[in-house]
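As provided, entry_24.txt (compact mmCIF, C-alpha atoms and all ligand atoms) reads as follows.
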# COMPACT_ATOMS: atom_id res chain seq x y z
CA MET I 1 78.52 115.72 93.16
CA ARG I 2 82.26 115.93 93.09
CA LEU I 3 84.66 114.50 90.58
CA GLY I 4 84.71 110.96 89.34
CA GLY I 5 81.28 110.54 87.80
CA PRO I 6 78.18 109.15 89.47
CA PRO I 7 79.05 107.38 92.71
CA PRO I 8 78.14 103.70 92.97
CA ARG I 9 75.49 103.10 95.59
CA GLY I 10 75.60 100.26 98.06
CA THR I 11 72.45 98.82 99.49
CA GLY I 12 72.90 100.84 102.66
CA PRO I 13 75.56 101.73 105.12
CA ALA I 14 76.29 99.66 108.21
CA GLY I 15 76.58 95.93 108.35
CA LEU I 16 77.30 95.16 104.74
CA TRP I 17 80.92 94.19 105.14
CA GLY I 18 81.12 92.66 108.54
CA LYS I 19 78.90 91.62 111.35
CA GLY I 20 77.00 94.89 111.30
CA GLY I 21 74.74 95.96 114.09
CA SER I 22 76.44 99.20 115.09
CA ALA I 23 74.88 102.55 114.32
CA THR I 24 76.22 104.72 111.54
CA GLY I 25 76.65 108.29 112.65
CA ALA I 26 76.42 111.30 110.43
CA GLY I 27 79.65 112.28 108.76
CA VAL I 28 81.17 108.83 108.48
CA PRO I 29 83.57 108.94 105.53
CA ARG I 30 82.05 107.24 102.56
CA HIS I 31 85.39 106.38 100.94
CA VAL I 32 88.49 105.59 102.98
CA ALA I 33 91.91 105.05 101.40
CA ILE I 34 94.77 103.40 103.27
CA ILE I 35 98.51 103.19 102.63
CA MET I 36 99.30 99.92 104.39
CA ASP I 37 102.77 100.89 105.59
CA GLY I 38 105.11 99.51 108.23
CA ASN I 39 105.07 95.77 107.59
CA GLY I 40 108.87 95.58 107.27
CA ARG I 41 109.52 97.50 110.52
CA TRP I 42 106.94 95.42 112.35
CA ALA I 43 108.76 92.25 111.26
CA LYS I 44 112.22 93.61 112.03
CA ARG I 45 111.21 94.46 115.61
CA ARG I 46 110.23 90.83 116.05
CA ASN I 47 113.20 89.31 114.25
CA LEU I 48 110.85 88.02 111.59
CA SER I 49 111.18 88.13 107.82
CA ARG I 50 109.68 90.94 105.76
CA THR I 51 107.33 88.35 104.27
CA ASP I 52 106.06 87.61 107.79
CA GLY I 53 105.43 91.33 108.12
CA HIS I 54 103.43 91.44 104.89
CA ARG I 55 101.48 88.37 105.99
CA ALA I 56 100.61 90.12 109.25
CA GLY I 57 99.63 93.11 107.08
CA MET I 58 97.24 90.84 105.21
CA GLU I 59 95.56 89.96 108.51
CA ALA I 60 95.29 93.66 109.35
CA LEU I 61 93.54 94.16 106.02
CA ARG I 62 91.00 91.49 106.90
CA ARG I 63 90.29 93.12 110.29
CA THR I 64 89.98 96.52 108.65
CA VAL I 65 87.52 95.30 106.02
CA GLU I 66 85.34 93.94 108.80
CA ALA I 67 85.65 97.14 110.84
CA CYS I 68 84.68 99.20 107.78
CA GLY I 69 81.43 97.26 107.68
CA ASP I 70 80.72 97.98 111.31
CA LEU I 71 81.28 101.70 110.74
CA GLY I 72 79.27 101.93 107.54
CA ILE I 73 82.15 102.87 105.25
CA GLU I 74 81.07 102.18 101.68
CA ILE I 75 84.38 102.11 99.85
CA LEU I 76 87.81 101.04 101.05
CA THR I 77 90.78 101.51 98.74
CA VAL I 78 94.08 100.00 99.87
CA TYR I 79 97.54 100.49 98.40
CA ALA I 80 98.76 96.91 98.07
CA PHE I 81 101.57 97.38 95.52
CA SER I 82 102.87 100.53 93.86
CA THR I 83 104.51 101.04 90.47
CA GLU I 84 107.67 101.80 92.48
CA ASN I 85 107.55 98.59 94.56
CA TRP I 86 109.19 96.65 91.69
CA LYS I 87 112.45 98.27 92.86
CA ARG I 88 112.42 96.00 95.95
CA PRO I 89 114.56 92.85 96.03
CA ARG I 90 113.25 90.12 93.75
CA ASP I 91 112.53 87.81 96.70
CA GLU I 92 110.28 90.37 98.33
CA VAL I 93 108.40 91.13 95.11
CA ASP I 94 107.87 87.40 94.54
CA ALA I 95 106.67 86.95 98.11
CA LEU I 96 104.20 89.82 97.72
CA MET I 97 102.84 88.29 94.51
CA GLU I 98 102.45 84.92 96.26
CA LEU I 99 100.66 86.59 99.16
CA LEU I 100 98.32 88.28 96.75
CA GLN I 101 97.44 84.93 95.22
CA GLU I 102 96.96 83.47 98.68
CA TRP I 103 94.72 86.42 99.60
CA ILE I 104 92.56 85.93 96.49
CA ARG I 105 92.03 82.25 97.35
CA LYS I 106 91.49 82.81 101.07
CA GLU I 107 89.14 85.78 100.86
CA ARG I 108 87.06 84.68 97.88
CA ASP I 109 84.18 83.08 99.78
CA GLU I 110 84.19 85.78 102.42
CA LEU I 111 83.89 88.59 99.87
CA ILE I 112 81.00 86.83 98.18
CA ARG I 113 79.30 86.03 101.48
CA ARG I 114 79.55 89.63 102.60
CA ASN I 115 78.22 90.98 99.30
CA ILE I 116 81.46 92.93 98.72
CA ARG I 117 82.39 94.06 95.24
CA LEU I 118 86.09 93.77 94.48
CA LYS I 119 87.65 96.34 92.20
CA VAL I 120 91.25 96.70 91.09
CA VAL I 121 92.96 99.96 90.16
CA GLY I 122 96.42 99.92 88.69
CA PHE I 123 98.25 98.41 85.76
CA PRO I 124 97.84 94.67 86.26
CA GLY I 125 99.68 93.83 83.00
CA ARG I 126 102.90 93.33 84.92
CA LEU I 127 101.46 90.97 87.53
CA PRO I 128 102.09 87.22 87.11
CA PRO I 129 99.58 85.85 84.54
CA ASP I 130 98.10 83.27 86.97
CA THR I 131 97.50 85.91 89.62
CA ARG I 132 95.98 88.23 87.05
CA ARG I 133 93.61 85.53 85.87
CA GLU I 134 92.50 84.67 89.40
CA LEU I 135 92.08 88.33 90.22
CA ASP I 136 89.98 88.96 87.09
CA GLU I 137 87.90 85.96 87.96
CA LEU I 138 87.25 87.23 91.49
CA VAL I 139 86.43 90.73 90.24
CA GLU I 140 83.93 89.13 87.86
CA ALA I 141 82.52 86.80 90.55
CA THR I 142 81.79 89.78 92.83
CA SER I 143 80.72 92.20 90.10
CA SER I 144 77.02 91.83 90.74
CA ASN I 145 77.39 92.22 94.51
CA THR I 146 75.44 95.20 95.73
CA GLY I 147 77.31 95.94 98.96
CA PRO I 148 80.45 97.95 99.65
CA ILE I 149 83.47 98.13 97.41
CA LEU I 150 86.94 96.89 98.28
CA CYS I 151 89.33 98.47 95.83
CA LEU I 152 92.85 97.04 95.61
CA ALA I 153 95.48 99.38 94.19
CA LEU I 154 97.90 96.99 92.51
CA ASN I 155 100.87 98.11 90.49
CA TYR I 156 99.28 101.53 90.91
CA GLY I 157 100.96 104.90 90.51
CA GLY I 158 99.13 108.22 90.55
CA ARG I 159 101.43 110.02 88.12
CA ARG I 160 101.25 107.19 85.62
CA GLU I 161 97.47 107.14 85.93
CA ILE I 162 97.32 110.86 85.17
CA CYS I 163 99.76 110.56 82.24
CA GLU I 164 97.77 107.73 80.70
CA ALA I 165 94.52 109.66 81.08
CA ALA I 166 96.14 112.66 79.38
CA ARG I 167 97.46 110.44 76.61
CA ARG I 168 94.01 108.97 75.95
CA LEU I 169 92.42 112.40 75.82
CA ALA I 170 95.16 113.65 73.50
CA ALA I 171 94.61 110.66 71.20
CA LYS I 172 90.87 111.36 71.07
CA ALA I 173 91.57 115.00 70.28
CA ALA I 174 94.02 114.01 67.55
CA GLU I 175 91.40 111.66 66.04
CA GLY I 176 88.97 114.54 66.03
CA VAL I 177 86.45 112.85 68.34
CA LEU I 178 87.10 115.23 71.24
CA ASP I 179 87.19 119.01 71.26
CA PRO I 180 90.09 119.99 73.62
CA ASP I 181 88.02 122.95 74.83
CA THR I 182 85.54 120.52 76.38
CA ILE I 183 88.16 118.93 78.67
CA ASP I 184 87.26 119.92 82.19
CA GLU I 185 87.80 118.20 85.56
CA GLU I 186 84.86 115.85 85.09
CA VAL I 187 85.92 114.80 81.60
CA PHE I 188 89.45 114.21 82.88
CA ALA I 189 88.30 112.21 85.90
CA ARG I 190 86.34 109.89 83.64
CA GLU I 191 89.62 108.77 82.06
CA LEU I 192 91.15 107.83 85.42
CA LEU I 193 91.27 104.26 86.75
CA THR I 194 88.89 105.34 89.52
CA ALA I 195 86.19 106.56 87.11
CA GLY I 196 82.81 106.03 88.74
CA LEU I 197 84.17 106.08 92.31
CA PRO I 198 83.80 109.14 94.50
CA ASP I 199 87.07 110.69 95.70
CA PRO I 200 88.39 109.40 99.04
CA ASP I 201 87.11 111.37 102.01
CA LEU I 202 89.82 110.15 104.34
CA LEU I 203 93.36 108.87 103.80
CA ILE I 204 94.94 106.83 106.58
CA ARG I 205 98.68 106.25 106.65
CA PRO I 206 100.09 104.23 109.50
CA SER I 207 103.77 103.78 110.47
CA GLY I 208 104.56 107.43 111.16
CA GLU I 209 105.36 108.35 107.56
CA MET I 210 103.64 111.53 106.42
CA ARG I 211 103.49 111.52 102.66
CA VAL I 212 101.11 110.35 99.96
CA SER I 213 103.68 108.34 97.95
CA ASN I 214 102.09 108.64 94.50
CA PHE I 215 98.73 107.34 95.74
CA LEU I 216 95.50 108.72 94.21
CA LEU I 217 97.13 112.08 93.49
CA TRP I 218 94.27 113.57 91.49
CA GLN I 219 91.58 112.04 93.68
CA MET I 220 93.04 113.32 96.97
CA ALA I 221 92.71 117.01 96.18
CA TYR I 222 90.33 117.48 99.15
CA THR I 223 90.87 114.28 101.11
CA GLU I 224 91.38 114.60 104.86
CA LEU I 225 94.71 113.08 105.93
CA TRP I 226 95.16 111.03 109.10
CA PHE I 227 98.51 109.70 110.26
CA THR I 228 99.38 107.35 113.09
CA PRO I 229 102.68 105.90 114.33
CA VAL I 230 101.02 102.48 114.65
CA LEU I 231 102.55 100.01 112.17
CA TRP I 232 100.07 98.52 109.70
CA PRO I 233 100.16 94.96 111.09
CA ASP I 234 99.14 96.38 114.49
CA PHE I 235 96.32 98.46 113.00
CA GLY I 236 92.93 97.43 114.31
CA PRO I 237 89.30 98.51 114.59
CA GLU I 238 90.16 100.89 117.45
CA HIS I 239 92.50 102.86 115.19
CA LEU I 240 89.96 103.01 112.38
CA ARG I 241 87.33 104.20 114.85
CA GLN I 242 89.69 106.91 116.10
CA ALA I 243 90.43 108.04 112.53
CA VAL I 244 86.71 108.24 111.77
CA GLU I 245 86.02 110.12 115.00
CA ASP I 246 88.74 112.66 114.18
CA PHE I 247 87.44 112.93 110.62
CA ARG I 248 83.98 113.78 111.89
CA ARG I 249 85.40 116.75 113.76
CA ARG I 250 87.09 118.15 110.66
CA ASP I 251 85.56 121.14 108.92
CA ARG I 252 85.77 120.34 105.20
CA ARG I 253 85.66 123.63 103.39
CA TYR I 254 86.69 122.72 99.82
CA GLY I 255 88.13 126.19 99.51
CA GLY I 256 84.94 127.80 100.82
CA LEU I 257 84.21 129.35 104.20
CA PRO I 258 83.84 127.56 107.56
CA GLY I 259 80.58 125.66 107.91
CA GLU I 260 79.96 125.41 104.16
CA GLU I 261 80.31 122.24 102.11
CA SER I 262 80.90 121.71 98.35
C1 LIG I 301 104.51 98.74 102.79
O1 LIG I 301 105.19 98.34 103.97
C2 LIG I 301 103.66 97.65 102.35
C3 LIG I 301 103.67 97.10 101.09
C4 LIG I 301 104.57 97.56 100.03
C5 LIG I 301 102.80 95.99 100.76
C6 LIG I 301 101.41 95.99 101.33
C7 LIG I 301 100.93 94.62 101.29
C8 LIG I 301 100.22 93.98 102.23
C9 LIG I 301 99.68 94.63 103.44
C10 LIG I 301 100.01 92.55 102.01
C11 LIG I 301 98.69 92.06 101.84
C12 LIG I 301 97.77 92.65 100.88
C13 LIG I 301 97.20 91.94 99.90
C14 LIG I 301 96.04 92.50 99.19
C15 LIG I 301 97.71 90.64 99.49
P1 LIG I 301 106.77 98.29 103.96
O2 LIG I 301 107.19 96.95 103.49
O3 LIG I 301 107.31 99.39 103.11
O4 LIG I 301 107.11 98.53 105.45
P2 LIG I 301 108.43 99.24 106.01
O5 LIG I 301 108.37 100.67 105.53
O6 LIG I 301 108.29 99.12 107.49
O7 LIG I 301 109.62 98.50 105.46
Using structure tokens, write down the structure from this file.
Ligand code: FPP
Amino acid sequence: MRLGGPPPRGTGPAGLWGKGGSATGAGVPRHVAIIMDGNGRWAKRRNLSRTDGHRAGMEALRRTVEACGDLGIEILTVYAFSTENWKRPRDEVDALMELLQEWIRKERDELIRRNIRLKVVGFPGRLPPDTRRELDELVEATSSNTGPILCLALNYGGRREICEAARRLAAKAAEGVLDPDTIDEEVFARELLTAGLPDPDLLIRPSGEMRVSNFLLWQMAYTELWFTPVLWPDFGPEHLRQAVEDFRRRDRRYGGLPGEES
């Protein structure tokens, strides 16, 4: 087992998120992370507003969740709002918060029907109180679902996550309840917001940008990266399938020799 504590188990691979029915091949990534980038450029090319772009991005998320089910992906983590996104114009931030609320209301029944467990990673304290309440309520309503996990990264930043984990460990050490010599990678990972989740196997970033932008910095130590020029609102099942196919051809060595794992 790698970092992050015991992985949560679903009730099985294919068909839990979406319509199901397709076979799950060996080597399908268990945990896929996506930076949903390119909404603004997509809108600009169509003379639409950035909000229209984000709304189209929301539709792409829905399609991707369904496609994950068909491929047997157990965990999907999506970067919906970063700790840096507050720097955007007020109107855009407000629109994103409204879209989030709309998403919670629209997707609620679907998540429950598909047995999906919703999880949030990030620092939700800064989100509007109503949105936070509805989000908490949906997380709770899906908490006993036994299927795949949809993890929303909201007001998330990898460096802040690592700093806060370090601060908590330091506080425990100062209180005398933790011996600093016992801090290893597993102990550290248990303090992260993703505690209990396995690390992502595959990171997808659309829109042609090739960086990780403060996303899951600790967790992505051995994640395979996959980039595409396709803008997020145009992303569909065919792109996810291609990413998974390419992933299956990768030789993951974790610092070892070719052909070895772990
Ligand atoms: C980056 O594209 C995207 C975001 C900052 C927001 C992602 C949000 C969604 C896809 C909306 C729906 C999701 C939920 C869960 C409500 P960008 O705006 O930086 O694009 P650009 O680089 O082309 O300007």
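For the pair atom CA of Ser207 of chain I and atom CA of Asn39 of chain I, the separation is 8.6 Å.
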Return as JSON lines the residues of chain I lying at most 7 Å from ligand LIG 301 (chain I), together with the closest atom-to-atom pair for each and the distance in Å to one decimal, counting all atoms listed in the file, with rows in chain order and ascending residue number.
{"residue": "I:Met36", "atom": "CA", "partner": "I:LIG301", "partner_atom": "C2", "distance": 5.3}
{"residue": "I:Asp37", "atom": "CA", "partner": "I:LIG301", "partner_atom": "O1", "distance": 3.9}
{"residue": "I:Gly38", "atom": "CA", "partner": "I:LIG301", "partner_atom": "O6", "distance": 3.3}
{"residue": "I:Asn39", "atom": "CA", "partner": "I:LIG301", "partner_atom": "O4", "distance": 4.0}
{"residue": "I:Gly40", "atom": "CA", "partner": "I:LIG301", "partner_atom": "O7", "distance": 3.5}
{"residue": "I:Arg41", "atom": "CA", "partner": "I:LIG301", "partner_atom": "O6", "distance": 3.6}
{"residue": "I:Trp42", "atom": "CA", "partner": "I:LIG301", "partner_atom": "O6", "distance": 6.3}
{"residue": "I:Arg50", "atom": "CA", "partner": "I:LIG301", "partner_atom": "O2", "distance": 6.9}
{"residue": "I:His54", "atom": "CA", "partner": "I:LIG301", "partner_atom": "C10", "distance": 4.6}
{"residue": "I:Arg55", "atom": "CA", "partner": "I:LIG301", "partner_atom": "C10", "distance": 6.0}
{"residue": "I:Gly57", "atom": "CA", "partner": "I:LIG301", "partner_atom": "C9", "distance": 3.9}
{"residue": "I:Met58", "atom": "CA", "partner": "I:LIG301", "partner_atom": "C11", "distance": 3.9}
{"residue": "I:Leu61", "atom": "CA", "partner": "I:LIG301", "partner_atom": "C9", "distance": 6.7}
{"residue": "I:Tyr79", "atom": "CA", "partner": "I:LIG301", "partner_atom": "C6", "distance": 6.6}
{"residue": "I:Ala80", "atom": "CA", "partner": "I:LIG301", "partner_atom": "C6", "distance": 4.3}
{"residue": "I:Phe81", "atom": "CA", "partner": "I:LIG301", "partner_atom": "C4", "distance": 5.4}
{"residue": "I:Asn85", "atom": "CA", "partner": "I:LIG301", "partner_atom": "C4", "distance": 6.3}
{"residue": "I:Leu96", "atom": "CA", "partner": "I:LIG301", "partner_atom": "C10", "distance": 6.6}
{"residue": "I:Leu99", "atom": "CA", "partner": "I:LIG301", "partner_atom": "C15", "distance": 5.0}
{"residue": "I:Leu100", "atom": "CA", "partner": "I:LIG301", "partner_atom": "C15", "distance": 3.7}
{"residue": "I:Trp103", "atom": "CA", "partner": "I:LIG301", "partner_atom": "C15", "distance": 5.2}
{"residue": "I:Leu152", "atom": "CA", "partner": "I:LIG301", "partner_atom": "C14", "distance": 6.6}
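Take the candidates I:Glu175, I:Glu84, I:Asp234, I:Asp201 and check each one against Arg160 of chain I using only C-alpha atoms; the shortest distance goes to I:Glu84.
With all atoms listed in the file as the atoms that count, the residue of I:Val187, I:Val139, I:Ile162, I:Ile116 with the shortest distance to Leu76 of chain I is I:Ile116.
For the residues I:Ala165, I:Ile35, I:Ile112, I:Ala173, ranking by smallest atom-to-atom distance to Ser82 of chain I using only C-alpha atoms places I:Ile35 first.
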**Study point:** Computed interatomic separation between atom CA of Cys163 of chain I and atom CA of Ile149 of chain I (Å)
**Key:** 25.5 Å
Per-residue nearest contacts of segment 144-198 of chain I to segment 217-226 of chain I (10 Å; only C-alpha atoms) as a Markdown table:
| residue | atom | partner | partner_atom | distance |
| --- | --- | --- | --- | --- |
| I:Gly157 | CA | I:Leu217 | CA | 8.7 |
| I:Gly158 | CA | I:Leu217 | CA | 5.2 |
| I:Arg159 | CA | I:Leu217 | CA | 7.2 |
| I:Glu161 | CA | I:Leu217 | CA | 9.0 |
| I:Ile162 | CA | I:Trp218 | CA | 7.5 |
| I:Glu185 | CA | I:Trp218 | CA | 9.9 |
| I:Phe188 | CA | I:Trp218 | CA | 9.9 |
| I:Ala189 | CA | I:Trp218 | CA | 8.3 |
| I:Leu192 | CA | I:Trp218 | CA | 8.9 |
| I:Thr194 | CA | I:Gln219 | CA | 8.3 |
| I:Leu197 | CA | I:Gln219 | CA | 9.6 |
| I:Pro198 | CA | I:Gln219 | CA | 8.3 |
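In this structure, atom CA of Pro258 of chain I sits 15.9 Å away from atom CA of Gly27 of chain I.
Using all atoms listed in the file, the nearest neighbour of Glu59 of chain I within the list I:Lys106, I:Arg190, I:Leu154, I:Asp184 is I:Lys106.
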Where atoms are absent from segment 199-233 of chain I, fill them in so it carries N, CA and C atoms, then output it as an mmCIF file, in the coordinates of the input.
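Written file, rebuild27.cif:
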data_model
loop_
_atom_site.group_PDB
_atom_site.id
_atom_site.type_symbol
_atom_site.label_atom_id
_atom_site.label_comp_id
_atom_site.auth_asym_id
_atom_site.auth_seq_id
_atom_site.Cartn_x
_atom_site.Cartn_y
_atom_site.Cartn_z
ATOM 1 N N ASP I 199 85.714 110.486 95.160
ATOM 2 C CA ASP I 199 87.070 110.690 95.700
ATOM 3 C C ASP I 199 87.122 110.219 97.149
ATOM 4 N N PRO I 200 88.301 109.794 97.623
ATOM 5 C CA PRO I 200 88.390 109.400 99.040
ATOM 6 C C PRO I 200 88.096 110.593 99.950
ATOM 7 N N ASP I 201 87.363 110.331 101.016
ATOM 8 C CA ASP I 201 87.110 111.370 102.010
ATOM 9 C C ASP I 201 88.240 111.421 103.013
ATOM 10 N N LEU I 202 88.824 110.256 103.276
ATOM 11 C CA LEU I 202 89.820 110.150 104.340
ATOM 12 C C LEU I 202 90.954 109.234 103.881
ATOM 13 N N LEU I 203 92.188 109.713 104.050
ATOM 14 C CA LEU I 203 93.360 108.870 103.800
ATOM 15 C C LEU I 203 94.010 108.545 105.141
ATOM 16 N N ILE I 204 94.254 107.263 105.356
ATOM 17 C CA ILE I 204 94.940 106.830 106.580
ATOM 18 C C ILE I 204 96.318 106.308 106.180
ATOM 19 N N ARG I 205 97.346 106.837 106.846
ATOM 20 C CA ARG I 205 98.680 106.250 106.650
ATOM 21 C C ARG I 205 99.279 105.907 107.990
ATOM 22 N N PRO I 206 99.437 104.619 108.254
ATOM 23 C CA PRO I 206 100.090 104.230 109.500
ATOM 24 C C PRO I 206 101.613 104.294 109.357
ATOM 25 N N SER I 207 102.307 103.962 110.410
ATOM 26 C CA SER I 207 103.770 103.780 110.470
ATOM 27 C C SER I 207 104.547 105.067 110.654
ATOM 28 N N GLY I 208 103.857 106.188 110.861
ATOM 29 C CA GLY I 208 104.560 107.430 111.160
ATOM 30 C C GLY I 208 105.045 108.200 109.942
ATOM 31 N N GLU I 209 104.941 107.618 108.766
ATOM 32 C CA GLU I 209 105.360 108.350 107.560
ATOM 33 C C GLU I 209 104.246 109.336 107.199
ATOM 34 N N MET I 210 104.657 110.507 106.733
ATOM 35 C CA MET I 210 103.640 111.530 106.420
ATOM 36 C C MET I 210 103.794 112.017 104.990
ATOM 37 N N ARG I 211 103.481 111.129 104.081
ATOM 38 C CA ARG I 211 103.490 111.520 102.660
ATOM 39 C C ARG I 211 102.457 110.687 101.934
ATOM 40 N N VAL I 212 102.164 111.074 100.683
ATOM 41 C CA VAL I 212 101.110 110.350 99.960
ATOM 42 C C VAL I 212 101.688 109.342 98.957
ATOM 43 N N SER I 213 102.994 109.387 98.706
ATOM 44 C CA SER I 213 103.680 108.340 97.950
ATOM 45 C C SER I 213 102.983 107.944 96.644
ATOM 46 N N ASN I 214 102.603 108.927 95.857
ATOM 47 C CA ASN I 214 102.090 108.640 94.500
ATOM 48 C C ASN I 214 100.755 107.893 94.519
ATOM 49 N N PHE I 215 100.015 108.042 95.607
ATOM 50 C CA PHE I 215 98.730 107.340 95.740
ATOM 51 C C PHE I 215 97.586 108.301 95.423
ATOM 52 N N LEU I 216 96.749 107.985 94.501
ATOM 53 C CA LEU I 216 95.500 108.720 94.210
ATOM 54 C C LEU I 216 95.721 110.240 94.197
ATOM 55 N N LEU I 217 96.723 110.668 93.443
ATOM 56 C CA LEU I 217 97.130 112.080 93.490
ATOM 57 C C LEU I 217 96.018 113.028 93.070
ATOM 58 N N TRP I 218 95.373 112.713 91.968
ATOM 59 C CA TRP I 218 94.270 113.570 91.490
ATOM 60 C C TRP I 218 93.111 113.521 92.485
ATOM 61 N N GLN I 219 92.795 112.283 92.892
ATOM 62 C CA GLN I 219 91.580 112.040 93.680
ATOM 63 C C GLN I 219 91.669 112.637 95.084
ATOM 64 N N MET I 220 92.899 112.881 95.568
ATOM 65 C CA MET I 220 93.040 113.320 96.970
ATOM 66 C C MET I 220 93.095 114.831 97.130
ATOM 67 N N ALA I 221 92.645 115.547 96.121
ATOM 68 C CA ALA I 221 92.710 117.010 96.180
ATOM 69 C C ALA I 221 92.104 117.559 97.481
ATOM 70 N N TYR I 222 90.994 116.976 97.938
ATOM 71 C CA TYR I 222 90.330 117.480 99.150
ATOM 72 C C TYR I 222 90.136 116.396 100.218
ATOM 73 N N THR I 223 90.961 115.369 100.128
ATOM 74 C CA THR I 223 90.870 114.280 101.110
ATOM 75 C C THR I 223 91.471 114.726 102.447
ATOM 76 N N GLU I 224 90.822 114.340 103.527
ATOM 77 C CA GLU I 224 91.380 114.600 104.860
ATOM 78 C C GLU I 224 92.455 113.550 105.142
ATOM 79 N N LEU I 225 93.588 113.992 105.686
ATOM 80 C CA LEU I 225 94.710 113.080 105.930
ATOM 81 C C LEU I 225 94.782 112.737 107.414
ATOM 82 N N TRP I 226 95.053 111.476 107.692
ATOM 83 C CA TRP I 226 95.160 111.030 109.100
ATOM 84 C C TRP I 226 96.350 110.103 109.226
ATOM 85 N N PHE I 227 97.288 110.484 110.096
ATOM 86 C CA PHE I 227 98.510 109.700 110.260
ATOM 87 C C PHE I 227 98.581 109.128 111.663
ATOM 88 N N THR I 228 99.183 107.959 111.767
ATOM 89 C CA THR I 228 99.380 107.350 113.090
ATOM 90 C C THR I 228 100.725 106.633 113.091
ATOM 91 N N PRO I 229 101.411 106.638 114.256
ATOM 92 C CA PRO I 229 102.680 105.900 114.330
ATOM 93 C C PRO I 229 102.500 104.384 114.367
ATOM 94 N N VAL I 230 101.283 103.936 114.583
ATOM 95 C CA VAL I 230 101.020 102.480 114.650
ATOM 96 C C VAL I 230 101.449 101.830 113.331
ATOM 97 N N LEU I 231 102.130 100.707 113.400
ATOM 98 C CA LEU I 231 102.550 100.010 112.170
ATOM 99 C C LEU I 231 101.339 99.233 111.625
ATOM 100 N N TRP I 232 101.278 99.110 110.314
ATOM 101 C CA TRP I 232 100.070 98.520 109.700
ATOM 102 C C TRP I 232 99.670 97.160 110.300
ATOM 103 N N PRO I 233 100.612 96.246 110.544
ATOM 104 C CA PRO I 233 100.160 94.960 111.090
ATOM 105 C C PRO I 233 99.511 95.076 112.473
#
